[in-house]
Structures are given as structure tokens and as C-alpha cells.
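Engineer: Dropping in data.tsv, which is TSV, C-alpha atoms and all ligand atoms:
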```tsv
chain	number	residue	atom	x	y	z
A	2	MET	CA	-119.69	-21.65	287.19
A	3	LYS	CA	-116.98	-22.81	284.90
A	4	PRO	CA	-116.72	-21.42	281.44
A	5	PRO	CA	-117.39	-24.05	278.82
A	6	PRO	CA	-114.18	-25.80	277.84
A	7	SER	CA	-112.87	-24.52	274.62
A	8	SER	CA	-112.08	-27.14	272.09
A	9	PRO	CA	-110.40	-26.72	268.72
A	10	GLY	CA	-113.55	-27.58	266.91
A	11	ALA	CA	-115.82	-25.34	268.99
A	12	HIS	CA	-116.29	-22.57	266.38
A	13	PRO	CA	-115.15	-24.06	263.08
A	14	ALA	CA	-116.67	-21.33	260.93
A	15	SER	CA	-115.12	-18.33	262.75
A	16	SER	CA	-111.65	-19.88	263.07
A	17	ARG	CA	-111.60	-20.60	259.35
A	18	VAL	CA	-112.46	-16.98	258.67
A	19	LEU	CA	-109.73	-15.90	261.09
A	20	LEU	CA	-107.18	-18.19	259.43
A	21	PHE	CA	-108.14	-16.88	256.01
A	22	LEU	CA	-107.79	-13.25	257.14
A	23	LEU	CA	-104.39	-13.92	258.73
A	24	THR	CA	-103.12	-15.57	255.56
A	25	ALA	CA	-104.39	-12.69	253.44
A	26	VAL	CA	-102.67	-10.13	255.67
A	27	LEU	CA	-99.40	-12.08	255.56
A	28	VAL	CA	-99.50	-12.42	251.78
A	29	ALA	CA	-100.23	-8.70	251.41
A	30	LEU	CA	-97.33	-7.86	253.74
A	31	VAL	CA	-94.90	-10.03	251.77
A	32	ILE	CA	-96.00	-8.46	248.48
A	33	TYR	CA	-95.64	-4.98	249.98
A	34	LEU	CA	-92.13	-5.71	251.29
A	35	VAL	CA	-91.01	-7.11	247.95
A	36	ALA	CA	-92.51	-4.24	245.97
A	37	PHE	CA	-91.50	-1.37	248.26
A	38	PRO	CA	-88.42	-2.42	250.22
A	39	ASN	CA	-87.28	1.17	250.64
A	40	ASN	CA	-90.38	2.27	252.46
A	41	PHE	CA	-88.99	0.68	255.57
A	42	LYS	CA	-85.52	2.07	255.07
A	43	LEU	CA	-86.20	5.76	255.05
A	44	GLN	CA	-89.67	6.97	255.74
A	45	VAL	CA	-88.95	10.62	256.37
A	46	GLY	CA	-92.51	11.85	256.38
A	47	PRO	CA	-96.02	11.22	255.25
A	48	PRO	CA	-96.20	10.44	251.55
A	49	SER	CA	-97.44	13.50	249.75
A	50	ALA	CA	-100.63	13.44	247.80
A	51	SER	CA	-100.19	13.61	244.09
A	52	CYS	CA	-99.16	17.01	242.80
A	53	ALA	CA	-100.19	18.75	239.62
A	54	SER	CA	-98.12	16.27	237.62
A	55	GLY	CA	-99.90	13.36	239.25
A	56	GLY	CA	-96.81	11.56	240.56
A	57	SER	CA	-96.47	10.02	243.97
A	58	ALA	CA	-93.73	10.80	246.42
A	59	SER	CA	-90.54	8.84	246.68
A	60	SER	CA	-89.50	7.70	250.11
A	61	SER	CA	-85.84	8.58	249.81
A	62	ALA	CA	-83.68	11.51	248.85
A	63	VAL	CA	-81.00	9.07	247.79
A	64	GLN	CA	-82.62	8.11	244.56
A	65	ILE	CA	-85.62	9.80	243.13
A	66	ALA	CA	-86.61	7.69	240.22
A	67	GLY	CA	-89.65	7.41	238.10
A	68	SER	CA	-91.00	4.12	236.91
A	69	ASN	CA	-87.92	2.18	235.88
A	70	THR	CA	-89.63	0.59	232.92
A	71	ALA	CA	-88.46	3.09	230.32
A	72	VAL	CA	-85.85	5.33	231.86
A	73	ASP	CA	-84.33	7.43	229.10
A	74	LEU	CA	-82.65	10.09	231.21
A	75	ARG	CA	-80.24	9.86	234.11
A	76	VAL	CA	-79.12	12.92	236.02
A	77	LEU	CA	-76.82	13.39	238.99
A	78	ILE	CA	-77.32	16.53	241.06
A	79	GLY	CA	-74.57	17.31	243.54
A	80	ILE	CA	-75.40	19.65	246.39
A	81	VAL	CA	-72.06	21.11	247.38
A	82	THR	CA	-72.23	21.92	251.07
A	83	VAL	CA	-70.27	21.98	254.32
A	84	PRO	CA	-70.26	19.39	257.12
A	85	GLY	CA	-71.85	21.74	259.66
A	86	ALA	CA	-75.01	22.30	257.59
A	87	TYR	CA	-76.92	19.54	259.38
A	88	GLU	CA	-80.28	21.27	259.54
A	89	ARG	CA	-80.11	22.29	255.89
A	90	ARG	CA	-79.40	18.73	254.81
A	91	ALA	CA	-82.36	17.55	256.88
A	92	LEU	CA	-84.58	20.09	255.12
A	93	LEU	CA	-83.25	19.19	251.69
A	94	ARG	CA	-83.86	15.49	252.29
A	95	LEU	CA	-87.44	16.27	253.29
A	96	ALA	CA	-87.89	18.57	250.33
A	97	TYR	CA	-86.60	16.09	247.75
A	98	SER	CA	-88.21	12.99	249.21
A	99	LEU	CA	-91.66	14.60	249.11
A	100	GLN	CA	-91.44	15.59	245.45
A	101	PRO	CA	-93.47	13.83	242.80
A	102	ARG	CA	-91.24	11.38	240.95
A	103	PRO	CA	-89.91	12.33	237.56
A	104	VAL	CA	-91.44	10.33	234.76
A	105	ARG	CA	-89.07	7.95	232.88
A	106	ALA	CA	-86.07	9.59	234.51
A	107	VAL	CA	-83.70	8.91	237.36
A	108	VAL	CA	-82.46	11.98	239.20
A	109	ASP	CA	-80.01	11.16	241.98
A	110	VAL	CA	-79.39	13.85	244.56
A	111	ARG	CA	-76.22	13.59	246.65
A	112	PHE	CA	-74.39	15.82	249.11
A	113	PHE	CA	-70.74	16.59	248.35
A	114	LEU	CA	-68.39	17.73	251.09
A	115	CYS	CA	-64.71	18.54	251.10
A	116	ARG	CA	-62.63	16.37	253.45
A	117	VAL	CA	-64.38	16.17	256.79
A	118	VAL	CA	-61.82	16.88	259.50
A	119	LYS	CA	-63.44	17.98	262.77
A	120	GLU	CA	-64.05	15.14	265.20
A	121	GLU	CA	-67.75	15.79	265.72
A	122	ASP	CA	-68.31	16.15	261.99
A	123	ARG	CA	-66.50	12.92	261.16
A	124	ILE	CA	-68.74	11.05	263.56
A	125	LEU	CA	-72.03	12.79	262.84
A	126	VAL	CA	-71.53	12.77	259.06
A	127	ALA	CA	-70.70	9.06	259.30
A	128	LEU	CA	-74.09	8.55	260.97
A	129	GLU	CA	-75.78	10.42	258.13
A	130	ALA	CA	-73.93	8.33	255.57
A	131	ILE	CA	-75.09	5.16	257.35
A	132	THR	CA	-78.67	6.34	257.51
A	133	TYR	CA	-79.11	7.99	254.12
A	134	ASP	CA	-76.22	6.79	251.95
A	135	ASP	CA	-76.17	10.15	250.16
A	136	ILE	CA	-72.85	11.67	251.31
A	137	ILE	CA	-69.75	11.90	249.12
A	138	GLU	CA	-66.41	13.32	250.23
A	139	LEU	CA	-64.33	15.25	247.71
A	140	ASP	CA	-60.61	15.71	247.57
A	141	CYS	CA	-60.55	19.34	248.68
A	142	THR	CA	-60.18	21.26	251.91
A	143	GLU	CA	-63.01	23.27	253.34
A	144	ASN	CA	-61.16	26.56	253.70
A	145	MET	CA	-60.36	26.56	249.99
A	146	ASN	CA	-61.86	29.59	248.27
A	147	ASP	CA	-61.45	28.16	244.83
A	148	GLY	CA	-61.29	24.71	243.47
A	149	LYS	CA	-64.43	23.04	244.82
A	150	THR	CA	-66.09	23.27	241.44
A	151	TYR	CA	-63.11	21.65	239.75
A	152	ALA	CA	-62.90	19.05	242.51
A	153	TYR	CA	-66.56	18.20	242.05
A	154	PHE	CA	-66.81	17.96	238.26
A	155	SER	CA	-63.51	16.16	237.91
A	156	ALA	CA	-64.35	13.61	240.62
A	157	VAL	CA	-67.79	12.60	239.33
A	158	PRO	CA	-66.67	10.74	236.16
A	159	ARG	CA	-64.19	8.74	238.24
A	160	LEU	CA	-66.56	8.07	241.14
A	161	PHE	CA	-69.35	6.81	238.90
A	162	ALA	CA	-67.23	5.21	236.18
A	163	GLY	CA	-68.59	1.70	236.63
A	164	GLU	CA	-72.25	2.56	237.00
A	165	PRO	CA	-74.78	3.02	234.24
A	166	SER	CA	-73.42	6.44	233.56
A	167	TYR	CA	-75.37	9.61	233.88
A	168	ASP	CA	-76.45	11.67	230.87
A	169	TYR	CA	-76.07	14.90	232.80
A	170	VAL	CA	-74.18	16.08	235.87
A	171	GLY	CA	-75.27	19.14	237.82
A	172	LYS	CA	-73.98	21.16	240.71
A	173	THR	CA	-76.10	23.22	243.02
A	174	ASP	CA	-76.09	25.09	246.32
A	175	ASP	CA	-77.77	24.11	249.54
A	176	ASP	CA	-80.06	27.15	249.26
A	177	THR	CA	-81.50	25.98	245.94
A	178	TYR	CA	-84.56	23.81	245.44
A	179	TYR	CA	-84.65	21.96	242.12
A	180	ARG	CA	-87.98	20.55	241.04
A	181	LEU	CA	-86.78	17.28	239.67
A	182	ALA	CA	-89.74	16.33	237.49
A	183	ALA	CA	-89.74	19.76	235.84
A	184	LEU	CA	-85.98	19.52	235.40
A	185	ALA	CA	-86.19	16.08	233.82
A	186	ASP	CA	-88.88	17.26	231.42
A	187	SER	CA	-86.80	20.25	230.53
A	188	LEU	CA	-83.65	18.18	229.87
A	189	ARG	CA	-85.40	15.49	227.86
A	190	GLY	CA	-84.87	16.10	224.18
A	191	LYS	CA	-81.93	18.45	224.69
A	192	ALA	CA	-78.46	17.80	223.31
A	193	ARG	CA	-76.45	15.26	225.24
A	194	ARG	CA	-73.10	16.61	224.13
A	195	ASP	CA	-71.63	20.01	224.99
A	196	ALA	CA	-74.76	20.87	226.94
A	197	TYR	CA	-74.75	23.66	229.52
A	198	HIS	CA	-78.08	24.20	231.27
A	199	GLY	CA	-79.03	26.73	233.94
A	200	TYR	CA	-79.76	30.38	234.43
A	201	LEU	CA	-77.67	32.72	232.26
A	202	THR	CA	-76.27	35.65	234.17
A	203	PRO	CA	-75.87	38.62	234.06
A	204	CYS	CA	-79.38	38.53	232.67
A	205	HIS	CA	-79.92	40.18	229.28
A	206	TRP	CA	-76.47	41.72	229.33
A	207	LEU	CA	-72.97	41.07	227.96
A	208	PRO	CA	-73.83	37.85	226.09
A	209	GLU	CA	-70.16	37.22	225.40
A	210	LYS	CA	-69.51	37.08	229.16
A	211	GLN	CA	-72.56	35.28	230.40
A	212	TYR	CA	-72.29	32.09	232.44
A	213	MET	CA	-74.71	29.89	234.35
A	214	SER	CA	-75.53	31.27	237.77
A	215	GLY	CA	-74.26	29.35	240.76
A	216	MET	CA	-77.85	28.64	241.84
A	217	GLY	CA	-77.43	25.45	239.81
A	218	TYR	CA	-76.11	24.29	236.47
A	219	ILE	CA	-75.98	21.06	234.61
A	220	VAL	CA	-73.64	19.81	231.90
A	221	SER	CA	-73.72	16.72	229.73
A	222	TRP	CA	-71.53	13.81	230.85
A	223	ASP	CA	-68.91	14.46	228.12
A	224	VAL	CA	-68.26	17.92	229.57
A	225	ALA	CA	-67.66	16.50	233.06
A	226	GLN	CA	-65.38	13.92	231.47
A	227	TRP	CA	-63.48	16.66	229.63
A	228	ILE	CA	-63.06	18.64	232.88
A	229	SER	CA	-61.76	15.52	234.57
A	230	ASP	CA	-59.30	14.97	231.71
A	231	THR	CA	-58.08	18.59	231.74
A	232	PRO	CA	-56.31	19.18	235.07
A	233	GLU	CA	-54.94	22.55	233.86
A	234	LEU	CA	-58.44	23.95	234.41
A	235	ALA	CA	-57.90	23.62	238.15
A	236	ASP	CA	-55.41	26.50	237.98
A	237	GLN	CA	-57.56	28.71	235.77
A	238	HIS	CA	-59.43	30.66	238.37
A	239	ASP	CA	-59.45	34.41	238.58
A	240	ASP	CA	-63.08	35.12	239.39
A	241	TRP	CA	-66.03	33.48	241.14
A	242	GLU	CA	-65.95	29.78	240.42
A	243	ASP	CA	-69.11	29.83	238.36
A	244	VAL	CA	-67.73	32.63	236.18
A	245	ASP	CA	-64.56	30.60	235.73
A	246	PHE	CA	-66.64	27.59	234.78
A	247	GLY	CA	-68.29	29.48	231.93
A	248	ARG	CA	-64.88	30.67	230.81
A	249	TRP	CA	-63.51	27.10	230.79
A	250	LEU	CA	-66.33	26.03	228.48
A	251	ARG	CA	-65.84	28.99	226.12
A	252	LYS	CA	-62.09	28.55	225.92
A	253	GLY	CA	-62.43	24.81	225.53
A	254	GLY	CA	-64.86	25.22	222.61
A	255	ARG	CA	-67.63	23.61	224.63
A	256	TYR	CA	-69.93	26.58	225.03
A	257	LYS	CA	-72.24	25.17	222.37
A	258	ASN	CA	-75.57	23.84	223.49
A	259	VAL	CA	-76.49	26.51	225.99
A	260	TYR	CA	-79.93	26.25	227.59
A	261	ASN	CA	-81.10	29.27	229.51
A	262	GLU	CA	-83.93	28.35	231.87
A	263	GLU	CA	-85.12	31.91	232.52
A	264	PRO	CA	-87.74	32.53	233.94
A	265	ARG	CA	-88.18	29.01	235.31
A	266	MET	CA	-85.05	29.34	237.44
A	267	TYR	CA	-85.02	32.33	239.74
A	268	ASP	CA	-84.23	33.81	243.14
A	269	TYR	CA	-86.92	33.60	245.78
A	270	TRP	CA	-89.11	36.66	246.22
A	271	ASP	CA	-92.25	37.46	248.17
A	272	ARG	CA	-94.14	40.66	248.91
A	273	GLU	CA	-92.85	40.94	252.43
A	274	MET	CA	-89.31	41.42	251.19
A	275	ALA	CA	-87.73	44.84	250.95
A	276	THR	CA	-86.29	44.15	247.49
A	277	ASP	CA	-88.09	44.45	244.20
A	278	VAL	CA	-88.62	41.92	241.44
A	279	ASN	CA	-86.20	41.96	238.51
A	280	CYS	CA	-85.03	39.63	235.75
A	281	PHE	CA	-83.62	37.04	238.17
A	282	ARG	CA	-85.92	37.49	241.17
A	283	HIS	CA	-89.67	37.07	241.14
A	284	GLU	CA	-92.56	35.27	242.77
A	285	HIS	CA	-93.05	31.53	242.50
A	286	ARG	CA	-94.43	30.01	239.34
A	287	ALA	CA	-95.97	26.57	239.05
A	288	ASP	CA	-93.62	25.50	236.23
A	289	ALA	CA	-90.44	26.38	238.17
A	290	VAL	CA	-87.33	24.32	237.52
A	291	ALA	CA	-85.29	25.73	240.42
A	292	VAL	CA	-85.69	28.32	243.15
A	293	HIS	CA	-82.62	29.93	244.71
A	294	LYS	CA	-81.80	32.04	247.77
A	295	LEU	CA	-83.77	29.91	250.18
A	296	LYS	CA	-81.76	31.30	253.03
A	297	ASP	CA	-84.01	30.68	256.00
A	298	ARG	CA	-86.70	28.32	257.28
A	299	LEU	CA	-89.57	30.64	256.42
A	300	LYS	CA	-88.53	30.83	252.76
A	301	TRP	CA	-88.17	27.04	252.61
A	302	ALA	CA	-91.52	26.57	254.32
A	303	ARG	CA	-93.38	28.92	251.99
A	304	THR	CA	-91.69	27.43	248.98
A	305	LEU	CA	-92.47	23.83	249.90
A	306	HIS	CA	-96.05	24.78	250.70
A	307	PHE	CA	-96.44	26.58	247.38
A	308	PHE	CA	-95.22	23.49	245.54
A	309	ASN	CA	-97.78	21.41	247.44
A	310	ALA	CA	-95.39	19.33	249.53
A	311	THR	CA	-97.82	19.76	252.45
A	312	GLN	CA	-100.74	18.21	250.56
A	313	GLY	CA	-99.87	14.77	251.88
A	314	LEU	CA	-100.79	15.68	255.44
A	315	LYS	CA	-103.55	13.34	256.58
A	316	PRO	CA	-106.35	14.51	258.88
A	317	SER	CA	-105.63	13.28	262.37
A	318	ASN	CA	-106.42	13.95	266.00
A	319	MET	CA	-102.70	13.85	266.71
A	320	TYR	CA	-101.94	17.32	265.37
A	321	HIS	CA	-103.74	20.51	264.49
A	322	LEU	CA	-101.49	22.20	261.97
A	323	ASP	CA	-103.30	25.06	260.32
A	324	LEU	CA	-102.22	25.07	256.70
A	325	GLN	CA	-104.98	27.41	255.56
A	326	ASN	CA	-103.74	30.43	257.41
A	327	VAL	CA	-100.44	30.81	255.60
A	328	TYR	CA	-98.93	33.01	252.96
A	329	HIS	CA	-101.22	33.10	249.94
A	330	VAL	CA	-100.01	36.04	247.92
A	331	TRP	CA	-98.66	33.86	245.11
A	332	CYS	CA	-101.97	32.17	244.53
A	333	THR	CA	-103.72	35.53	244.24
A	334	VAL	CA	-101.16	36.91	241.86
A	335	ASN	CA	-101.09	33.75	239.77
A	336	THR	CA	-104.87	33.89	239.49
A	337	LEU	CA	-104.72	37.51	238.44
A	338	LEU	CA	-102.10	36.73	235.81
A	339	ALA	CA	-103.94	33.70	234.47
A	401	LIG	C1	-101.09	22.69	244.10
A	401	LIG	O1	-102.34	22.07	244.21
A	401	LIG	C2	-103.42	22.88	243.81
A	401	LIG	C3	-104.70	22.16	244.15
A	401	LIG	O2	-104.65	20.82	243.81
A	401	LIG	C4	-103.28	23.18	242.32
A	401	LIG	O3	-104.34	23.99	241.89
A	401	LIG	C5	-101.98	23.89	242.10
A	401	LIG	O4	-101.75	24.11	240.73
A	401	LIG	C6	-100.79	23.10	242.66
A	401	LIG	N1	-99.61	23.90	242.61
A	401	LIG	C7	-98.50	23.54	241.98
A	401	LIG	C8	-97.38	24.50	242.03
A	401	LIG	O5	-98.37	22.50	241.38
```
Would you kindly transcribe this structure into C-alpha cells?

Structural biologist:
Amino acid sequence: MKPPPSSPGAHPASSRVLLFLLTAVLVALVIYLVAFPNNFKLQVGPPSASCASGGSASSSAVQIAGSNTAVDLRVLIGIVTVPGAYERRALLRLAYSLQPRPVRAVVDVRFFLCRVVKEEDRILVALEAITYDDIIELDCTENMNDGKTYAYFSAVPRLFAGEPSYDYVGKTDDDTYYRLAALADSLRGKARRDAYHGYLTPCHWLPEKQYMSGMGYIVSWDVAQWISDTPELADQHDDWEDVDFGRWLRKGGRYKNVYNEEPRMYDYWDREMATDVNCFRHEHRADAVAVHKLKDRLKWARTLHFFNATQGLKPSNMYHLDLQNVYHVWCTVNTLLA
């Protein structure tokens, strides 16, 4: 019994359907590649479902941009960190790539390191730079107690001189989580000269001495340019760098458009902690601009879950991650307050 010989014209109808389907798939693939080239470059996790603000997740921590059609705000956020913080950078990339995109704004998040000297760091950081293109080396040495802040703000105007320049430049720690869409909305409409945005500390006290907390602060581009053009500032340090920074602005006559983001910027707190709430530390709020003191994995996990980064998890037989049975105190409290 031989199978009937197959001839090209044996099933004309089904092969035409097959050909049509193949063409359609190819066309769709080409359109997808043209429209979303980055999705193949850095797919760090499942795209998150839309958040409260309705945005969709970006695929890369390198550039988190809204629709480019009418961008009216460009912000650079520098996370100043050390070479050895590999796990933290991995977490931060996850955290930022799963955020809803800011609307009409570009917020670039980059890691800034002082000169990388150890052999393993030079090699491993090089691999990160190849993979993520989000690493920038500053002209400072790691064991320096002071001077990183000056090195950062003075370098940025030079490093990005040729680009479409940023409206604002910010500096933050690797234990801070900025919510970029909320930040963009908060900066939009604010002064773009002599602007100083962050969390004023000490809270509600000594207004003539207040400065923006090191959790994260942002200045307008002209201020970064002024810092870059004023090398004497590098020697003016007699306190914590962020205190010095506030002093530079006051002395330089640039402490003008000061935007205090209390209570939308704050230190992490939950009910299992031994400490109490106060003016700079409280539970999460849905309109947060930045959360600070994310010192361990549990705090990061709870924070990212609260801000709905886990909503993108698709049902699958491949994993059984219970996201119901997790910390829910904030939801209860927020409901009570509402
Ligand atoms: C997270 O999602 C839930 C359900 O969609 C929503 O009620 C809540 O407001 C969101 N939380 C935040 C912080 O956006």
C-alpha cells in the first residue's frame, strides 16, 4: 500500500490558506520589529498590566519614555552607586522597567559610578554596560567621602552637551524608588530655572537651614550648568554632601524655586517595623513620588507589589506564585483613610 503521491496541485485550497497565513504572520512580525525594536534587546520580565495611570510598561531601564509625539519634559535621574552593588542594580532595572511610562515625558535613569578599579568590577561592569547601556563612570575615586555630588552634577552638563538637553537633572540613592510618571507630572508646570525639587529636611524645622534630603533631589538644567561652571564649590564641603548642596544654592543665590514634595516623598515604613511614623516616614501612598530606605529585598518586594508591578504576571502552569497571601496592611489602612 503506497500512499498516494503528493503533487503540488493536490490540495489547492488548503495550500493557499497556508500561504496566506504564513504571509500574514511574516508581515505582522516585520511590523512588530519595526515598531518595537527594543523588545528584543532587553526583555527583563513580563510586561506589567496597566497601572492606575493606565500606562504600559517600558521594556528597558535605559530610557523610560512616554509617547514621543509631544514630549515637553526631559529628566535625567542619576543613581549614584558603587560597582559591587550588582544585585541592587538588577532590582532597580526590574523596578524601573516595569513602571508605567510617563506621559509626554522622557525620564532617563542611569547608574553613575566613580572610577571602577578592581579587576572583577571592570570586567563585570563592562558586561552590564554592554547589556544595558546605562552605566556612566565619573571622575572620582570610590573611597572619597566627599565630592561625589560635585563630580556628578558638574559632569552631567559636559557628558550630555550635544544631546537634546534635559530640563532637569536629579541625583538619587540606590535605596530609593522614584515613580517616574508621578515625578514627571509633579515637575510639569514648575519653574525651569533655579528649581530645586525634593524632600525638605529637617522637616518643619529651621527653614533657613533646610535642604533636600539625599533620598533624591532634582535641579533645573541651569543649576547643573552653574555647578559645572563653578569649580570652587568642589572645595566647599563641611557637612554631609546634601547639606552642602543646599548651602551652595543658598550662597549662590539659586535657592529660589524650591519644591517640597512632602508627603509624596518619604522613608519606607510598615507595621512590622520597630520604629514609629513621623514627618518623613510613613506607610505607602498611591500618589508617591519617591520612596526611600529600601534597604533589603523584603522592603523592595513589598513596595513593588504595592505599586502594582506584579500585576503583569500572567496565569501559567509554569509557576505557582501566591501573590494573594502577602502584606496587605497598606490597603486596609488606605481604605480606612479614604
Ligand atoms: C493597584 O491596582 C489596584 C487594582 O487595580 C488599584 O485599586 C490600586 O489603586 C493600584 N495601586 C496603585 C498604587 O496604583

Engineer: Please, what distance in Å, to one decimal, runs between atom CA of A:Tyr269 and atom CA of A:Ala287?

Structural biologist: 13.3 Å

Engineer: What's around A:Leu93 at 10 Å? Count all atoms listed in the file, leave out sequence neighbours fewer than 5 positions away in its own chain, and write the answer as a list in words.

Structural biologist: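 The filter keeps Ala62, Ile80, Tyr87, Glu88, Ser98, Leu99, Val110, Phe112, Asp175, Asp176, Thr177, Tyr178 and Trp301 of chain A.
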
Engineer: The selected residues should be written to file as a compact mmCIF listing (two decimals), in the coordinates of the input (atoms: C-alpha atoms).

Structural biologist:
```txt
# COMPACT_ATOMS: atom_id res chain seq x y z
CA ALA A 62 -83.68 11.51 248.85
CA ILE A 80 -75.40 19.65 246.39
CA TYR A 87 -76.92 19.54 259.38
CA GLU A 88 -80.28 21.27 259.54
CA SER A 98 -88.21 12.99 249.21
CA LEU A 99 -91.66 14.60 249.11
CA VAL A 110 -79.39 13.85 244.56
CA PHE A 112 -74.39 15.82 249.11
CA ASP A 175 -77.77 24.11 249.54
CA ASP A 176 -80.06 27.15 249.26
CA THR A 177 -81.50 25.98 245.94
CA TYR A 178 -84.56 23.81 245.44
CA TRP A 301 -88.17 27.04 252.61
```

Engineer: So, counting all atoms listed in the file, which residue among A:Asn279, A:Thr132, A:Asn309, A:Asn258 is closest to ligand LIG 401 (chain A)?

Structural biologist: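 Ranked by minimum distance to ligand LIG 401 (chain A), first place goes to A:Asn309.
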
Engineer: Name the residues in contact with A:Leu114 at a cut-off of 7 Å, using all atoms listed in the file, excluding same-chain residues fewer than 4 positions from it; report them as a PDB file with C-alpha atoms, keeping the file's coordinate frame.

Structural biologist:
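Output below, filename part35.pdb:
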```
ATOM      1  CA  VAL A  81     -72.060  21.110 247.380  1.00  0.00           C
ATOM      2  CA  THR A  82     -72.230  21.920 251.070  1.00  0.00           C
ATOM      3  CA  VAL A  83     -70.270  21.980 254.320  1.00  0.00           C
ATOM      4  CA  PRO A  84     -70.260  19.390 257.120  1.00  0.00           C
ATOM      5  CA  ILE A 137     -69.750  11.900 249.120  1.00  0.00           C
ATOM      6  CA  GLU A 138     -66.410  13.320 250.230  1.00  0.00           C
ATOM      7  CA  LEU A 139     -64.330  15.250 247.710  1.00  0.00           C
TER       8      LEU A 139
END
```

Engineer: What gap, in Å, lies between atom CA of A:Gly217 and atom CA of A:Glu273?

Structural biologist: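 According to the coordinates, atom CA of A:Gly217 and atom CA of A:Glu273 are separated by 25.2 Å.
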
Engineer: Return the single residue from A:Asp297, A:Asp195, A:Glu120, A:Asp288 that is closest to ligand LIG 401 (chain A), with distances computed using all atoms listed in the file.

Structural biologist: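 For ligand LIG 401 (chain A), the nearest of the candidates is A:Asp288.
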
Engineer: Check the smallest atom-to-atom distance from each of A:His198, A:Ile78, A:Glu209, A:Trp249 to A:Glu263 using all atoms listed in the file, then report the winner.

Structural biologist: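 Among the listed residues, A:His198 lies closest to A:Glu263.
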
Engineer: Within 7 Å of (-74.2, 22.8, 231.9) (file coordinates; all atoms listed in the file), which protein or nucleic acid residues are there? I'd like them as an MDAnalysis selection string.

Structural biologist: chainID A and resid 196:199 218:221

Engineer: Report, in Å with one decimal, the straight-line distance from atom CA of A:Tyr260 to atom CA of A:Asp245.

Structural biologist: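 So the two atoms, atom CA of A:Tyr260 and atom CA of A:Asp245, lie 17.9 Å apart.
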
Engineer: Near A:Val327, counting only C-alpha atoms, which residues have an atom at most 9 Å away, once you skip same-chain residues fewer than 4 positions from it, shown as a list in words?

Structural biologist: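 Once the nearby chain positions are removed, what remains is Arg303, His306 and Asp323 of chain A.
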
Engineer: So which one's closest to A:Arg272, A:Lys300, A:Lys172, A:Arg116, A:Arg255? Using only C-alpha atoms, please.

Structural biologist: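 Nearest to A:Arg272: A:Lys300.
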